[in-house]
file input_12.cif (mmCIF, C-alpha atoms)
data_upload
loop_
_atom_site.label_atom_id
_atom_site.label_comp_id
_atom_site.auth_asym_id
_atom_site.auth_seq_id
_atom_site.Cartn_x
_atom_site.Cartn_y
_atom_site.Cartn_z
CA MET S 1 22.84 -10.84 -0.10
CA ARG S 2 19.41 -12.31 0.55
CA LEU S 3 16.15 -10.51 0.05
CA ALA S 4 12.54 -11.69 0.31
CA ILE S 5 9.24 -10.32 -0.88
CA LEU S 6 6.40 -11.17 1.49
CA HIS S 7 2.94 -11.38 -0.03
CA THR S 8 -0.55 -12.68 0.49
CA ARG S 9 -1.31 -12.61 -3.23
CA LEU S 10 1.01 -11.96 -6.12
CA ARG S 11 -0.32 -8.97 -7.98
CA VAL S 12 1.27 -7.13 -10.90
CA GLU S 13 3.17 -4.93 -8.42
CA GLU S 14 4.87 -7.88 -6.73
CA ARG S 15 5.95 -9.35 -10.06
CA LEU S 16 7.30 -5.99 -11.20
CA LEU S 17 9.30 -5.69 -7.98
CA ALA S 18 10.61 -9.26 -8.31
CA ASP S 19 11.58 -8.58 -11.92
CA ALA S 20 13.32 -5.32 -10.98
CA LEU S 21 15.31 -7.03 -8.22
CA THR S 22 16.23 -9.96 -10.45
CA ALA S 23 17.36 -7.58 -13.20
CA ARG S 24 19.72 -6.04 -10.63
CA GLY S 25 21.23 -9.41 -9.78
CA VAL S 26 19.24 -10.10 -6.60
CA THR S 27 16.64 -12.80 -7.08
CA PRO S 28 14.19 -12.47 -4.20
CA ASP S 29 12.49 -15.31 -2.37
CA LEU S 30 8.73 -14.96 -2.80
CA ILE S 31 7.09 -15.91 0.48
CA ASP S 32 3.33 -16.39 0.83
CA LEU S 33 2.44 -15.26 4.35
CA ARG S 34 -0.56 -17.56 4.43
CA GLN S 35 1.88 -20.45 4.66
CA VAL S 36 4.14 -19.01 7.34
CA MET S 37 4.21 -19.89 11.05
CA PHE S 38 6.58 -18.24 13.51
CA ASP S 39 7.95 -19.58 16.77
CA ILE S 40 8.93 -16.35 18.48
CA GLU S 41 11.78 -18.09 20.32
CA ARG S 42 13.25 -19.62 17.14
CA PRO S 43 14.18 -17.19 14.37
CA GLU S 44 15.34 -20.12 12.18
CA HIS S 45 16.35 -18.88 8.69
CA TRP S 46 14.76 -15.44 8.95
CA PRO S 47 17.87 -13.53 10.14
CA ASP S 48 19.64 -14.68 6.95
CA TYR S 49 17.59 -12.11 5.05
CA ASP S 50 19.28 -8.74 4.80
CA VAL S 51 15.95 -7.12 3.94
CA VAL S 52 12.37 -8.29 3.61
CA LEU S 53 10.07 -6.26 1.43
CA ASP S 54 6.54 -6.54 2.77
CA ARG S 55 3.88 -6.51 0.06
CA SER S 56 0.99 -8.17 1.84
CA VAL S 57 -2.41 -6.85 0.86
CA SER S 58 -3.62 -7.61 4.39
CA LEU S 59 -2.76 -4.99 6.98
CA THR S 60 -3.15 -7.50 9.80
CA ALA S 61 -0.73 -9.93 8.16
CA SER S 62 1.77 -7.13 7.40
CA LEU S 63 1.81 -5.72 10.86
CA THR S 64 1.98 -9.07 12.64
CA THR S 65 4.73 -10.41 10.39
CA ASN S 66 6.89 -7.32 10.47
CA ARG S 67 6.61 -7.13 14.26
CA VAL S 68 7.85 -10.72 14.54
CA LEU S 69 10.62 -10.23 11.97
CA GLU S 70 11.88 -7.11 13.71
CA HIS S 71 11.84 -9.14 16.95
CA PHE S 72 14.23 -11.49 15.09
CA GLY S 73 16.38 -8.52 14.05
CA VAL S 74 15.31 -8.50 10.40
CA ARG S 75 15.15 -5.16 8.57
CA CYS S 76 11.67 -4.72 7.10
CA ILE S 77 10.49 -2.36 4.39
CA ASN S 78 8.42 -0.75 5.71
CA PRO S 79 9.22 -0.89 9.42
CA ALA S 80 6.31 -2.05 11.59
CA ASP S 81 6.08 1.29 13.37
CA ALA S 82 5.64 3.04 10.02
CA ILE S 83 2.93 0.59 8.99
CA GLU S 84 1.15 1.06 12.29
CA ILE S 85 1.00 4.83 11.82
CA CYS S 86 0.23 4.88 8.09
CA SER S 87 -2.54 2.29 8.36
CA ASP S 88 -4.43 4.24 11.00
CA LYS S 89 -5.80 7.58 9.84
CA LEU S 90 -6.02 8.93 13.37
CA ARG S 91 -2.40 8.06 14.12
CA THR S 92 -1.37 9.51 10.75
CA SER S 93 -3.17 12.76 11.48
CA MET S 94 -1.58 13.01 14.92
CA ALA S 95 1.89 12.32 13.49
CA LEU S 96 1.42 15.03 10.87
CA VAL S 97 0.10 17.55 13.39
CA GLY S 98 2.94 16.67 15.76
CA ALA S 99 5.48 17.34 13.00
CA GLY S 100 3.84 20.63 12.02
CA ILE S 101 2.89 19.35 8.56
CA PRO S 102 -0.23 20.94 7.04
CA THR S 103 -3.13 18.47 7.07
CA PRO S 104 -6.93 18.70 7.12
CA ARG S 105 -8.42 19.42 10.54
CA VAL S 106 -9.59 16.31 12.41
CA THR S 107 -11.85 15.64 15.38
CA VAL S 108 -12.50 12.23 16.91
CA ALA S 109 -15.02 10.65 19.27
CA THR S 110 -15.92 7.18 20.50
CA ASP S 111 -19.57 7.74 21.39
CA PRO S 112 -22.45 8.56 19.00
CA ASP S 113 -23.51 11.72 20.87
CA ALA S 114 -19.90 12.89 21.08
CA ALA S 115 -19.55 12.05 17.39
CA MET S 116 -22.28 14.58 16.58
CA THR S 117 -20.38 17.18 18.59
CA ALA S 118 -17.18 16.23 16.72
CA ILE S 119 -18.92 16.62 13.36
CA GLU S 120 -20.44 19.97 14.24
CA ALA S 121 -17.09 21.19 15.55
CA ILE S 122 -15.74 20.63 12.02
CA GLY S 123 -18.87 22.04 10.37
CA TYR S 124 -20.73 20.92 7.26
CA PRO S 125 -19.78 19.41 4.94
CA ALA S 126 -17.57 17.05 6.96
CA VAL S 127 -15.98 13.74 5.98
CA LEU S 128 -16.31 10.59 8.08
CA LYS S 129 -13.75 7.87 7.48
CA PRO S 130 -13.00 4.55 9.12
CA THR S 131 -9.63 4.89 10.84
CA VAL S 132 -8.51 1.68 9.13
CA GLY S 133 -9.56 1.26 5.52
CA SER S 134 -8.38 1.66 1.99
CA TRP S 135 -9.42 2.08 -1.63
CA GLY S 136 -11.93 4.77 -0.66
CA ARG S 137 -14.24 2.34 1.09
CA LEU S 138 -16.87 3.58 3.56
CA LEU S 139 -16.01 7.24 3.20
CA ALA S 140 -18.97 9.51 3.85
CA ARG S 141 -19.39 13.20 3.15
CA VAL S 142 -22.12 14.54 5.43
CA ASN S 143 -23.68 17.77 4.26
CA ASP S 144 -26.10 18.39 7.12
CA ARG S 145 -27.19 17.21 10.56
CA ASP S 146 -29.78 14.78 9.21
CA ALA S 147 -27.15 12.93 7.18
CA ALA S 148 -24.70 13.01 10.09
CA GLU S 149 -27.21 11.44 12.48
CA ALA S 150 -27.97 8.69 9.97
CA ILE S 151 -24.31 7.81 9.35
CA VAL S 152 -23.46 7.85 13.05
CA GLU S 153 -26.43 5.64 13.94
CA HIS S 154 -25.62 3.17 11.16
CA ARG S 155 -21.99 2.92 12.22
CA ALA S 156 -22.89 2.53 15.90
CA THR S 157 -25.52 -0.12 15.17
CA LEU S 158 -24.17 -2.08 12.22
CA GLY S 159 -20.43 -1.56 12.29
CA SER S 160 -17.77 -3.59 14.03
CA VAL S 161 -16.13 -2.03 17.07
CA ASN S 162 -13.54 -0.50 14.78
CA HIS S 163 -16.30 1.64 13.30
CA HIS S 164 -17.19 3.00 16.72
CA VAL S 165 -14.23 5.33 16.43
CA PHE S 166 -15.71 8.37 14.70
CA TYR S 167 -12.91 10.06 12.77
CA VAL S 168 -14.13 13.33 11.32
CA GLN S 169 -12.10 15.25 8.79
CA GLU S 170 -12.53 18.74 7.40
CA HIS S 171 -13.88 18.61 3.84
CA VAL S 172 -11.35 20.37 1.64
CA ASP S 173 -12.84 22.11 -1.37
CA LYS S 174 -10.19 20.71 -3.71
CA PRO S 175 -10.24 21.42 -7.46
CA GLY S 176 -11.73 18.02 -8.41
CA ARG S 177 -8.45 16.22 -7.93
CA ASP S 178 -5.85 15.09 -5.46
CA ILE S 179 -2.12 14.48 -5.87
CA ARG S 180 -0.37 11.24 -5.04
CA VAL S 181 3.39 11.48 -4.54
CA PHE S 182 5.56 8.36 -4.36
CA VAL S 183 8.41 8.72 -1.88
CA VAL S 184 11.26 6.20 -1.74
CA GLY S 185 14.18 6.45 0.66
CA GLY S 186 12.97 9.88 1.75
CA GLU S 187 12.92 11.39 -1.75
CA PRO S 188 9.83 12.12 -3.88
CA ILE S 189 10.33 10.16 -7.10
CA ALA S 190 7.03 10.46 -8.99
CA ALA S 191 3.61 12.03 -8.80
CA ILE S 192 0.20 11.61 -10.38
CA VAL S 193 -2.95 13.70 -10.19
CA ARG S 194 -6.20 11.82 -9.76
CA THR S 195 -9.21 13.62 -11.19
CA SER S 196 -12.86 12.79 -10.71
CA ALA S 197 -16.24 14.47 -10.84
CA HIS S 198 -16.94 12.57 -7.59
CA TRP S 199 -15.58 14.01 -4.35
CA VAL S 200 -13.73 10.71 -3.72
CA THR S 201 -10.68 10.75 -6.02
CA ASN S 202 -9.31 7.22 -5.53
CA THR S 203 -8.45 5.44 -8.76
CA ALA S 204 -10.05 2.38 -7.15
CA ARG S 205 -13.27 4.42 -7.33
CA GLY S 206 -12.85 5.42 -10.96
CA ALA S 207 -10.71 8.57 -10.83
CA LYS S 208 -8.50 9.24 -13.87
CA ALA S 209 -4.75 9.60 -13.37
CA ALA S 210 -2.22 11.81 -15.14
CA GLY S 211 1.43 12.65 -14.54
CA LEU S 212 2.55 15.70 -12.59
CA THR S 213 5.88 17.45 -12.09
CA ILE S 214 6.61 17.84 -8.39
CA ASP S 215 7.23 21.44 -7.35
CA HIS S 216 9.45 22.42 -4.44
CA ALA S 217 6.59 23.01 -1.98
CA LEU S 218 5.08 19.61 -2.71
CA ALA S 219 8.45 17.88 -2.53
CA ASP S 220 9.19 19.52 0.80
CA ILE S 221 5.89 18.61 2.43
CA CYS S 222 6.18 15.00 1.21
CA ARG S 223 9.77 14.59 2.41
CA ARG S 224 8.70 15.79 5.84
CA ALA S 225 5.63 13.55 5.90
CA ALA S 226 7.62 10.42 4.98
CA ARG S 227 10.24 11.30 7.58
CA CYS S 228 7.73 11.84 10.37
CA VAL S 229 6.45 8.25 10.01
CA ASN S 230 9.91 6.77 9.26
CA ALA S 231 8.69 5.07 6.07
CA ASP S 232 11.05 3.75 3.38
CA VAL S 233 8.43 3.49 0.67
CA VAL S 234 5.19 5.40 0.84
CA ALA S 235 2.55 7.00 -1.37
CA ILE S 236 1.36 10.30 0.02
CA ASP S 237 -2.04 11.72 -0.88
CA ASN S 238 -2.20 15.49 -0.94
CA LEU S 239 -5.09 17.91 -1.28
CA GLU S 240 -4.84 21.40 -2.72
CA CYS S 241 -6.64 23.76 -0.35
CA PRO S 242 -7.56 27.15 -1.84
CA ARG S 243 -6.65 28.83 1.46
CA ARG S 244 -3.83 26.74 2.96
CA GLY S 245 -2.04 25.26 -0.05
CA TYR S 246 -0.94 21.62 0.00
CA LEU S 247 -2.38 19.48 2.78
CA VAL S 248 -1.18 15.93 3.42
CA SER S 249 -4.26 13.74 3.70
CA GLU S 250 -3.07 10.13 3.88
CA LEU S 251 0.05 7.98 3.71
CA ASN S 252 -0.09 4.53 2.11
CA HIS S 253 2.54 2.08 3.32
CA SER S 254 2.00 -0.69 0.75
CA MET S 255 1.34 1.35 -2.33
CA GLU S 256 -0.03 0.14 -5.61
CA PHE S 257 1.76 1.59 -8.61
CA ARG S 258 1.09 -0.50 -11.71
CA ASN S 259 -0.91 2.29 -13.37
CA SER S 260 1.44 5.05 -12.25
CA ILE S 261 4.58 3.92 -14.08
CA ASP S 262 3.53 4.93 -17.58
CA THR S 263 1.48 7.84 -16.22
CA SER S 264 4.43 9.36 -14.37
CA GLY S 265 7.14 8.12 -16.72
CA VAL S 266 9.13 6.89 -13.72
CA ASP S 267 10.41 3.35 -13.13
CA ILE S 268 8.83 3.09 -9.68
CA PRO S 269 9.60 -0.62 -9.07
CA GLY S 270 13.19 -0.07 -10.23
CA ILE S 271 13.72 2.72 -7.72
CA VAL S 272 12.11 0.68 -4.92
CA ALA S 273 14.41 -2.22 -5.85
CA ASP S 274 17.47 0.08 -5.80
CA HIS S 275 16.49 1.29 -2.34
CA ALA S 276 15.92 -2.23 -0.99
CA ILE S 277 19.25 -3.42 -2.40
CA ARG S 278 21.09 -0.44 -0.95
CA ILE S 279 19.73 -1.17 2.52
CA ALA S 280 20.39 -4.89 2.11
CA ARG S 281 24.02 -4.19 1.10
CA GLU S 282 24.51 -1.94 4.09
CA ARG S 283 23.08 -4.64 6.34
CA ALA S 284 25.13 -7.37 4.68
CA ASN S 285 28.33 -5.37 4.92
CA SER S 286 27.78 -4.71 8.62
CA ARG S 287 27.68 -8.42 9.44
CA PRO S 288 30.86 -10.07 10.66
CA GLY S 289 32.69 -12.16 8.06
CA ARG S 290 30.77 -10.78 5.11
CA ILE S 291 32.40 -9.77 1.84
CA ILE S 292 32.05 -6.03 1.35
CA GLU S 293 29.78 -5.23 -1.56
CA PRO S 294 29.52 -1.78 -3.14
CA VAL S 295 26.52 0.27 -2.03
CA VAL S 296 24.63 1.63 -5.03
CA ARG S 297 22.48 4.65 -4.43
CA THR S 298 19.05 5.21 -5.93
CA SER S 299 19.37 6.36 -9.51
CA ASP S 300 20.17 10.08 -9.54
CA ALA S 301 18.89 10.31 -13.10
CA ALA S 302 15.51 8.89 -12.11
CA LEU S 303 15.21 11.31 -9.24
CA ALA S 304 16.25 14.26 -11.37
CA GLY S 305 13.54 13.38 -13.84
CA ALA S 306 10.82 13.38 -11.19
CA THR S 307 11.63 16.52 -9.23
CA ARG S 308 11.91 19.99 -10.62
CA MET Y 1 -10.81 -30.23 -13.41
CA SER Y 2 -8.85 -30.98 -16.54
CA ALA Y 3 -5.10 -30.42 -16.72
CA PRO Y 4 -3.81 -27.19 -18.23
CA THR Y 5 -2.93 -27.11 -21.87
CA PRO Y 6 0.73 -28.11 -22.28
CA THR Y 7 2.57 -25.53 -24.32
CA ALA Y 8 6.02 -24.66 -25.53
CA THR Y 9 7.77 -22.00 -23.46
CA SER Y 10 7.17 -19.31 -26.07
CA GLN Y 11 3.44 -19.98 -26.20
CA PRO Y 12 0.87 -18.58 -23.77
CA ILE Y 13 -0.03 -20.97 -20.98
CA THR Y 14 -3.73 -21.59 -20.49
CA SER Y 15 -5.84 -23.24 -17.84
CA PRO Y 16 -9.62 -23.52 -17.56
CA CYS Y 17 -11.45 -21.05 -15.34
CA PRO Y 18 -12.98 -22.96 -12.39
CA GLU Y 19 -16.08 -20.75 -12.61
CA CYS Y 20 -16.97 -20.75 -16.34
CA GLU Y 21 -14.39 -23.14 -17.84
CA GLY Y 22 -13.26 -20.46 -20.26
CA PRO Y 23 -9.52 -20.38 -21.05
CA VAL Y 24 -7.41 -18.25 -18.69
CA ARG Y 25 -4.23 -17.24 -20.47
CA PHE Y 26 -0.83 -16.43 -18.99
CA ASP Y 27 1.75 -14.80 -21.23
CA ARG Y 28 4.53 -15.63 -18.74
CA PRO Y 29 4.92 -18.72 -16.59
CA PRO Y 30 2.62 -18.06 -13.63
CA LEU Y 31 3.79 -18.14 -10.02
CA ALA Y 32 1.98 -19.67 -7.05
CA GLY Y 33 -0.18 -17.04 -5.38
CA GLN Y 34 -0.46 -14.95 -8.54
CA VAL Y 35 -3.84 -13.40 -9.18
CA ALA Y 36 -5.49 -13.29 -12.58
CA ARG Y 37 -8.85 -12.41 -14.03
CA CYS Y 38 -10.91 -14.59 -16.35
CA THR Y 39 -11.64 -12.55 -19.46
CA ASP Y 40 -14.77 -14.60 -20.14
CA CYS Y 41 -16.67 -14.31 -16.85
CA GLY Y 42 -14.63 -11.60 -15.07
CA VAL Y 43 -14.06 -13.59 -11.88
CA GLU Y 44 -10.80 -13.06 -9.98
CA LEU Y 45 -8.63 -16.16 -9.71
CA GLU Y 46 -5.54 -17.28 -7.86
CA VAL Y 47 -2.86 -19.72 -8.99
CA THR Y 48 -2.87 -22.46 -6.37
CA SER Y 49 -0.28 -24.68 -8.06
CA THR Y 50 2.08 -24.28 -10.99
CA SER Y 51 2.82 -27.95 -11.64
CA PRO Y 52 0.24 -28.90 -12.59
CA LEU Y 53 -1.26 -25.47 -13.14
CA THR Y 54 -4.41 -25.10 -11.06
CA LEU Y 55 -6.62 -22.11 -10.45
CA ALA Y 56 -9.14 -21.36 -7.72
CA LEU Y 57 -11.45 -18.46 -6.98
CA ALA Y 58 -9.43 -15.72 -5.27
CA PRO Y 59 -10.35 -14.89 -1.66
CA GLU Y 60 -12.94 -12.17 -1.13
CA VAL Y 61 -11.57 -8.74 -0.23
CA GLU Y 62 -11.39 -8.34 3.53
CA GLU Y 63 -11.90 -5.21 5.58
CA ASP Y 64 -8.20 -4.69 6.31
CA TRP Y 65 -7.05 -5.13 2.70
CA GLY Y 66 -5.61 -2.19 0.88
CA GLU Y 67 -2.56 -0.08 0.31
#

call {"tool": "encode", "arguments": {"input": "input_12.cif", "output": "structure tokens"}}
result
Amino acid sequence: MRLAILHTRLRVEERLLADALTARGVTPDLIDLRQVMFDIERPEHWPDYDVVLDRSVSLTASLTTNRVLEHFGVRCINPADAIEICSDKLRTSMALVGAGIPTPRVTVATDPDAAMTAIEAIGYPAVLKPTVGSWGRLLARVNDRDAAEAIVEHRATLGSVNHHVFYVQEHVDKPGRDIRVFVVGGEPIAAIVRTSAHWVTNTARGAKAAGLTIDHALADICRRAARCVNADVVAIDNLECPRRGYLVSELNHSMEFRNSIDTSGVDIPGIVADHAIRIARERANSRPGRIIEPVVRTSDAALAGATR
Amino acid sequence: MSAPTPTATSQPITSPCPECEGPVRFDRPPLAGQVARCTDCGVELEVTSTSPLTLALAPEVEEDWGE
């Protein structure tokens, strides 16, 4: 069995994943995408990998690479289609709405005047987000028309063309926190709550994290969300709406988890490694002339500990 | 840039920070591409070579970086 971890920088997460795989008897190749060139007519050694685990910090590198590897017939975690949806907030929202999964209301426009109409259709306060972005960057809560006009004009004038898509989301009056659920192989395995006095509750923006037991309603909504984007490994951000209950806000396809292992008490890299190895074994066993290896399922004990 | 401090395998491996020349310590053998932070000046670094061990300033965060 051959497995690779693709990266653009080796963070703590990538080392934890490599360690977890190695401890399970599968030493991964660590491949720096900055040094890779593909000839799309020559797959070369790439089809020898039973699974590649994409951990690039760059969305552009992830998407490009996984598209090429899938063209070569390589199984990627996550699949390129899943990355494409999860990385784009508009596509995520549409996937959730299409699957009937509760999510904050969204309007969208591509013109500044239409953006004002989109904002006022949501009502104040509203949240403007770049459709592609992470770590809570460039989020704006607009409380009135004056603020909305300023943000829209700044984006139209100063932003790249990507910022000329005005994605407007309902502001959910959450109780000072959001809930991140880690889903691997379709099953919720761990959750943390992120609490902040600021309305943005990303840990990258200073929010404090604590463990949380996943209840049935949360587990159900997260299973459905992961399924609707066909993601193997995903971190799902949920808001608690006083009126509508859990709302899925975002899905993160290349999740960071170093600070969530102790907080949740769950061996997140170990469970991701188990999932990758299971898929790799299934792929390896389906190839002609391969020795059949036993397929090990994700640790039932770990799952039982995360879900109540 | 001076060579990293040679150490026994059980000892931390150190290399000078290219920004402030303070010692950057690795408790495990570093890997190429690994990121680290200088505890003296706080700058983010990347391992560009493991033999010999060399460090460079890590690339700036780009717009499409994230989870």

call {"tool": "closest_residue", "arguments": {"input": "input_12.cif", "among": "S:Ile179, S:Leu59, S:Val168, S:Ala273", "to": "Glu14 of chain S", "atoms": "only C-alpha atoms"}}
result
S:Ala273

call {"tool": "axis_aligned_box", "arguments": {"input": "input_12.cif", "around": "segment 66-81 of chain S", "padding_each_side": "6 Å", "output": "lines of an AutoDock Vina configuration file"}}
result
center_x = 11.2
center_y = -5.1
center_z = 10.7
size_x = 22.3
size_y = 24.8
size_z = 24.6

call {"tool": "closest_atom_pairs", "arguments": {"input": "input_12.cif", "of": "chain S", "to": "chain Y", "cutoff": "6 Å", "atoms": "all atoms listed in the file", "output": "tab-separated table"}}
result
residue	atom	partner	partner_atom	distance
S:Arg9	CA	Y:Gly33	CA	5.1
S:Leu10	CA	Y:Gln34	CA	4.1
S:Arg11	CA	Y:Val35	CA	5.8
S:Val57	CA	Y:Trp65	CA	5.3
S:Ser58	CA	Y:Trp65	CA	4.6
S:Leu59	CA	Y:Asp64	CA	5.5
S:Ser134	CA	Y:Gly66	CA	4.9
S:Asn252	CA	Y:Glu67	CA	5.5
S:Ser254	CA	Y:Glu67	CA	4.6
S:Met255	CA	Y:Glu67	CA	4.9

call {"tool": "write_last_selection", "arguments": {"input": "input_12.cif", "atoms": "C-alpha atoms", "output": "short mmCIF file (atom, residue, chain, number, x, y, z; two decimals), keeping the file's coordinate frame"}}
result
data_model
loop_
_atom_site.label_atom_id
_atom_site.label_comp_id
_atom_site.auth_asym_id
_atom_site.auth_seq_id
_atom_site.Cartn_x
_atom_site.Cartn_y
_atom_site.Cartn_z
CA ARG S 9 -1.31 -12.61 -3.23
CA LEU S 10 1.01 -11.96 -6.12
CA ARG S 11 -0.32 -8.97 -7.98
CA VAL S 57 -2.41 -6.85 0.86
CA SER S 58 -3.62 -7.61 4.39
CA LEU S 59 -2.76 -4.99 6.98
CA SER S 134 -8.38 1.66 1.99
CA ASN S 252 -0.09 4.53 2.11
CA SER S 254 2.00 -0.69 0.75
CA MET S 255 1.34 1.35 -2.33
#

call {"tool": "residues_near_point", "arguments": {"input": "input_12.cif", "point": "(-15.3, -13.9, -13.4)", "cutoff": "10 Å", "atoms": "all atoms listed in the file", "output": "JSON, numbers by chain"}}
result
{"Y": [17, 18, 19, 20, 22, 36, 37, 38, 39, 40, 41, 42, 43, 44, 45, 57]}

call {"tool": "resolve_selection", "arguments": {"input": "input_12.cif", "expression": "the PyMOL selection byres ((chain Y and resi 13) around 6)", "output": "compact mmCIF listing (two decimals) with C-alpha atoms, in the coordinates of the input"}}
result
# COMPACT_ATOMS: atom_id res chain seq x y z
CA PRO Y 12 0.87 -18.58 -23.77
CA THR Y 14 -3.73 -21.59 -20.49
CA ARG Y 25 -4.23 -17.24 -20.47
CA PHE Y 26 -0.83 -16.43 -18.99

call {"tool": "closest_atom_pairs", "arguments": {"input": "input_12.cif", "of": "segment 157-214 of chain S", "to": "segment 71-93 of chain S", "cutoff": "12 Å", "atoms": "all atoms listed in the file", "output": "JSON lines"}}
result
{"residue": "S:Asn162", "atom": "CA", "partner": "S:Asp88", "partner_atom": "CA", "distance": 10.9}
{"residue": "S:Val165", "atom": "CA", "partner": "S:Leu90", "partner_atom": "CA", "distance": 9.5}
{"residue": "S:Phe166", "atom": "CA", "partner": "S:Leu90", "partner_atom": "CA", "distance": 9.8}
{"residue": "S:Tyr167", "atom": "CA", "partner": "S:Leu90", "partner_atom": "CA", "distance": 7.0}
{"residue": "S:Val168", "atom": "CA", "partner": "S:Leu90", "partner_atom": "CA", "distance": 9.5}
{"residue": "S:Gln169", "atom": "CA", "partner": "S:Ser93", "partner_atom": "CA", "distance": 9.7}
{"residue": "S:Glu170", "atom": "CA", "partner": "S:Ser93", "partner_atom": "CA", "distance": 11.8}
{"residue": "S:Val184", "atom": "CA", "partner": "S:Ile77", "partner_atom": "CA", "distance": 10.6}
{"residue": "S:Gly185", "atom": "CA", "partner": "S:Ile77", "partner_atom": "CA", "distance": 10.3}

call {"tool": "residues_near_point", "arguments": {"input": "input_12.cif", "point": "(15.5, -0.3, -5.7)", "cutoff": "10 Å", "atoms": "all atoms listed in the file", "output": "ChimeraX atom specification"}}
result
/S:17,20-21,24,184-185,267-279,296-299

call {"tool": "resolve_selection", "arguments": {"input": "input_12.cif", "expression": "the PyMOL selection byres ((chain S and resi 108) around 12)", "output": "PyMOL selection string"}}
result
chain S and resi 89-91+93-94+105-107+109-122+127-131+163-170

call {"tool": "atom_distance", "arguments": {"input": "input_12.cif", "atom1": "atom CA of Pro125 of chain S", "atom2": "atom CA of Cys222 of chain S"}}
result
26.6 Å

call {"tool": "atom_distance", "arguments": {"input": "input_12.cif", "atom1": "atom CA of Ala217 of chain S", "atom2": "atom CA of Thr263 of chain S"}}
result
21.4 Å

call {"tool": "residues_around", "arguments": {"input": "input_12.cif", "residues": "Asp50 of chain S", "least_positions_apart": "3", "cutoff": "8 Å", "atoms": "all atoms listed in the file", "output": "list in words"}}
result
Met1, Arg2, Leu3, Pro47, Val74, Arg75, Ile279, Ala280, Arg281, Arg283 and Ala284 of chain S

call {"tool": "resolve_selection", "arguments": {"input": "input_12.cif", "expression": "the PyMOL selection byres ((chain S and resi 206) around 12)", "output": "VMD selection string"}}
result
chain S and resid 135 to 136 194 to 205 207 to 209

call {"tool": "atom_distance", "arguments": {"input": "input_12.cif", "atom1": "atom CA of Asp32 of chain S", "atom2": "atom CA of Thr8 of chain S"}}
result
5.4 Å

call {"tool": "residues_around", "arguments": {"input": "input_12.cif", "residues": "Arg244 of chain S", "least_positions_apart": "5", "cutoff": "10 Å", "atoms": "only C-alpha atoms", "output": "ChimeraX atom specification"}}
result
/S:102-104,172,239
